[in-house]
Amino acid sequence: MLTCKDASHLISESQERPLGFWERWGLKMHLWMCVSCRRFERQMTLMRQALRMLGKRAEVDADSSGFPPEARERIRKALAERGGHED
Amino acid sequence: MNINVLDSPDAWLDEHGAALYKYALLHTRDEHKAEEAVQETLLAALQARDRFSGGASARTWLIGILKHKIMDMFRHDARVVQLEDPDDLEDLDVDTHPHATDAMFASDGHWQNRLSDWGNPEELLERGQFMAILQRCLDVLPPRLARLFMLREVMEENSETICQELAITPTNLWTMLYRARLGLRQCLDRNWVGHAVTAARR
């Protein structure tokens, strides 16, 4: 019989690899009886969704407030110096 | 040579610099490293400009280069740490290092406390506050654990690539991801759910 600790490991690993037949079976049995682990499973799914959203948002976000002007100028200079002369 | 102004490095810097910097900072958590990554990305983009098909979005193309640059930095850091200070790897030594996650379970392997219900996931994701707390909770994870976790979950790099690039075993990676997930869950539970319940009672 799986403990909650075992079940939580399997839930986490199911995001990394396909679980084996008996692992899936054991987990299913455990989840059927255990409200905490059912919540844990939903929370892990939610966290993954939220983290991916965080990455996507960072990719499209054009808000320039977080980009220090000095850093921008240093980069501009480096581009002019090192990238100016093309082979 | 026919240079489209919109595809010049200066225009890239103006148009995409802030987004690249934000993305780099999210992963490196270090202003100098973020700046370096952005600079390296734009220099690489400049050199590879001919290969950029104007059809694809320049942002997507630049973010793709940036991801490689960030991974290069992490790979380099991982080597340096291994060479210089083996003790520094201690928090990655999963087999010998007891961890806070153990405290979440009773000795019989059951949860110490019943887990709370987080409610409707879609609703949670729509609230800006949840994302803000998520960001804060990521910031307090141990640095190397956070780095791996971010690579996997935010950059969506696959497990095999991370193991290869950072020279760790899959089992080791899985254990670290498990720890990061438990730590993050606990932080969210305390700061978000606690907050939500208090707000609902008012």
# chains A, B, ... in the order shown; residues from 1 in each chain; ligands from 1
call {"tool": "closest_atom_pairs", "arguments": {"of": "chain B", "to": "chain A", "cutoff": "8 Å", "atoms": "only C-alpha atoms", "output": "tab-separated table"}}
result
residue	atom	partner	partner_atom	distance
B:Pro9	CA	A:Leu79	CA	7.3
B:Asp10	CA	A:Arg76	CA	6.8
B:Leu13	CA	A:Arg76	CA	7.5
B:Glu15	CA	A:Ala62	CA	7.9
B:His16	CA	A:Ala62	CA	7.0
B:Gly17	CA	A:Arg72	CA	7.5
B:Ala18	CA	A:Ser64	CA	4.9
B:Ala19	CA	A:Ala62	CA	5.3
B:Leu20	CA	A:Glu59	CA	7.3
B:Tyr21	CA	A:Phe67	CA	6.4
B:Lys22	CA	A:Ala58	CA	6.4
B:Tyr23	CA	A:Ala58	CA	5.4
B:Glu35	CA	A:Ala71	CA	6.5
B:Val38	CA	A:Ile75	CA	7.9
B:Gln39	CA	A:Ile75	CA	5.5
B:Leu42	CA	A:Leu79	CA	7.5
B:Leu43	CA	A:Gly83	CA	6.3
B:Leu46	CA	A:Gly83	CA	6.8
B:Gln47	CA	A:Gly83	CA	7.7
B:Arg59	CA	A:Glu59	CA	7.8
B:Thr60	CA	A:Glu59	CA	7.9
B:Ile63	CA	A:Glu59	CA	7.1
B:Phe105	CA	A:Lys5	CA	6.7
B:Asp108	CA	A:Thr3	CA	7.5
B:Gly109	CA	A:Thr3	CA	5.2
B:His110	CA	A:Cys4	CA	4.8
B:Trp111	CA	A:Cys4	CA	6.2
B:Arg114	CA	A:Ser36	CA	5.7
B:Leu115	CA	A:Ser36	CA	4.9
B:Ser116	CA	A:Arg39	CA	7.4
B:Asp117	CA	A:Arg39	CA	6.3
B:Trp118	CA	A:Gln43	CA	7.4
B:Pro121	CA	A:Leu46	CA	6.2
B:Leu125	CA	A:Ala50	CA	6.5
B:Met131	CA	A:Ala50	CA	7.3
B:Glu153	CA	A:Leu51	CA	6.0
B:Val154	CA	A:Gly55	CA	4.9
B:Met155	CA	A:Gly55	CA	6.3
B:Glu156	CA	A:Arg52	CA	7.3
B:Ser159	CA	A:Glu16	CA	6.8
B:Trp174	CA	A:Glu13	CA	6.4
B:Leu177	CA	A:Ser12	CA	7.7
B:Tyr178	CA	A:Ser12	CA	5.8
B:Arg181	CA	A:Met44	CA	7.4
B:Arg185	CA	A:Gln43	CA	7.5
call {"tool": "atom_distance", "arguments": {"atom1": "CA of Ala37 in chain B", "atom2": "CA of Cys137 in chain B"}}
result
24.0 Å
call {"tool": "closest_residue", "arguments": {"among": "B:Ala78, B:Arg147, B:Asp14, B:Asn113", "to": "Asp30 in chain B", "atoms": "only C-alpha atoms"}}
result
B:Arg147
call {"tool": "select_by_dssp", "arguments": {"residues": "chain A", "states": "helix (DSSP H, G or I)", "output": "number ranges by chain"}}
result
A: 4-13, 21-33, 35-60, 69-83
call {"tool": "closest_residue", "arguments": {"among": "B:Asp77, B:Ala146, B:Asn120, B:Arg152", "to": "Ala167 in chain B", "atoms": "only C-alpha atoms"}}
result
B:Asp77
call {"tool": "residues_around", "arguments": {"residues": "Lys33 in chain B", "least_positions_apart": "4", "cutoff": "9 Å", "atoms": "only C-alpha atoms", "output": "ChimeraX atom specification"}}
result
/B:24-25,28-29,37-38,70,73
call {"tool": "write_last_selection", "arguments": {"atoms": "all heavy atoms", "output": "mmCIF file, in the first residue's frame"}}
result
data_model
loop_
_atom_site.group_PDB
_atom_site.id
_atom_site.type_symbol
_atom_site.label_atom_id
_atom_site.label_comp_id
_atom_site.auth_asym_id
_atom_site.auth_seq_id
_atom_site.Cartn_x
_atom_site.Cartn_y
_atom_site.Cartn_z
ATOM 1 N N ALA B 24 15.867 36.989 -19.070
ATOM 2 C CA ALA B 24 17.175 36.569 -18.576
ATOM 3 C C ALA B 24 17.254 36.707 -17.057
ATOM 4 O O ALA B 24 17.795 35.839 -16.361
ATOM 5 C CB ALA B 24 18.278 37.390 -19.231
ATOM 6 N N LEU B 25 16.668 37.791 -16.546
ATOM 7 C CA LEU B 25 16.701 38.032 -15.098
ATOM 8 C C LEU B 25 15.882 36.988 -14.351
ATOM 9 O O LEU B 25 16.263 36.527 -13.269
ATOM 10 C CB LEU B 25 16.171 39.447 -14.813
ATOM 11 C CG LEU B 25 16.440 40.026 -13.427
ATOM 12 C CD1 LEU B 25 17.932 40.102 -13.134
ATOM 13 C CD2 LEU B 25 15.812 41.420 -13.305
ATOM 14 N N THR B 28 18.346 33.918 -14.439
ATOM 15 C CA THR B 28 19.676 34.019 -13.823
ATOM 16 C C THR B 28 19.610 34.633 -12.435
ATOM 17 O O THR B 28 20.517 34.430 -11.633
ATOM 18 C CB THR B 28 20.612 34.902 -14.676
ATOM 19 O OG1 THR B 28 20.050 36.216 -14.769
ATOM 20 C CG2 THR B 28 20.769 34.328 -16.078
ATOM 21 N N ARG B 29 18.556 35.406 -12.160
ATOM 22 C CA ARG B 29 18.386 36.128 -10.895
ATOM 23 C C ARG B 29 19.570 37.022 -10.579
ATOM 24 O O ARG B 29 19.947 37.190 -9.422
ATOM 25 C CB ARG B 29 18.277 35.151 -9.719
ATOM 26 C CG ARG B 29 17.156 34.172 -9.793
ATOM 27 C CD ARG B 29 17.373 33.272 -8.643
ATOM 28 N NE ARG B 29 16.300 32.367 -8.380
ATOM 29 C CZ ARG B 29 15.991 31.951 -7.166
ATOM 30 N NH1 ARG B 29 16.641 32.371 -6.117
ATOM 31 N NH2 ARG B 29 15.030 31.100 -6.989
ATOM 32 N N ALA B 37 23.881 38.090 -20.759
ATOM 33 C CA ALA B 37 23.131 37.169 -21.621
ATOM 34 C C ALA B 37 22.454 37.919 -22.765
ATOM 35 O O ALA B 37 22.456 37.462 -23.910
ATOM 36 C CB ALA B 37 22.099 36.399 -20.796
ATOM 37 N N VAL B 38 21.890 39.086 -22.465
ATOM 38 C CA VAL B 38 21.220 39.877 -23.501
ATOM 39 C C VAL B 38 22.237 40.349 -24.536
ATOM 40 O O VAL B 38 22.023 40.268 -25.746
ATOM 41 C CB VAL B 38 20.464 41.081 -22.886
ATOM 42 C CG1 VAL B 38 19.891 41.973 -23.988
ATOM 43 C CG2 VAL B 38 19.347 40.604 -21.975
ATOM 44 N N ILE B 70 21.589 31.274 -21.902
ATOM 45 C CA ILE B 70 21.372 31.038 -20.475
ATOM 46 C C ILE B 70 21.835 29.630 -20.105
ATOM 47 O O ILE B 70 22.533 29.420 -19.115
ATOM 48 C CB ILE B 70 19.883 31.248 -20.102
ATOM 49 C CG1 ILE B 70 19.516 32.728 -20.255
ATOM 50 C CG2 ILE B 70 19.613 30.779 -18.682
ATOM 51 C CD1 ILE B 70 18.020 33.022 -20.132
ATOM 52 N N MET B 73 25.547 29.488 -19.859
ATOM 53 C CA MET B 73 26.018 30.046 -18.590
ATOM 54 C C MET B 73 25.884 29.031 -17.455
ATOM 55 O O MET B 73 26.790 28.855 -16.659
ATOM 56 C CB MET B 73 25.171 31.272 -18.217
ATOM 57 C CG MET B 73 25.578 32.546 -18.901
ATOM 58 S SD MET B 73 24.490 33.877 -18.298
ATOM 59 C CE MET B 73 25.378 35.275 -18.977
#
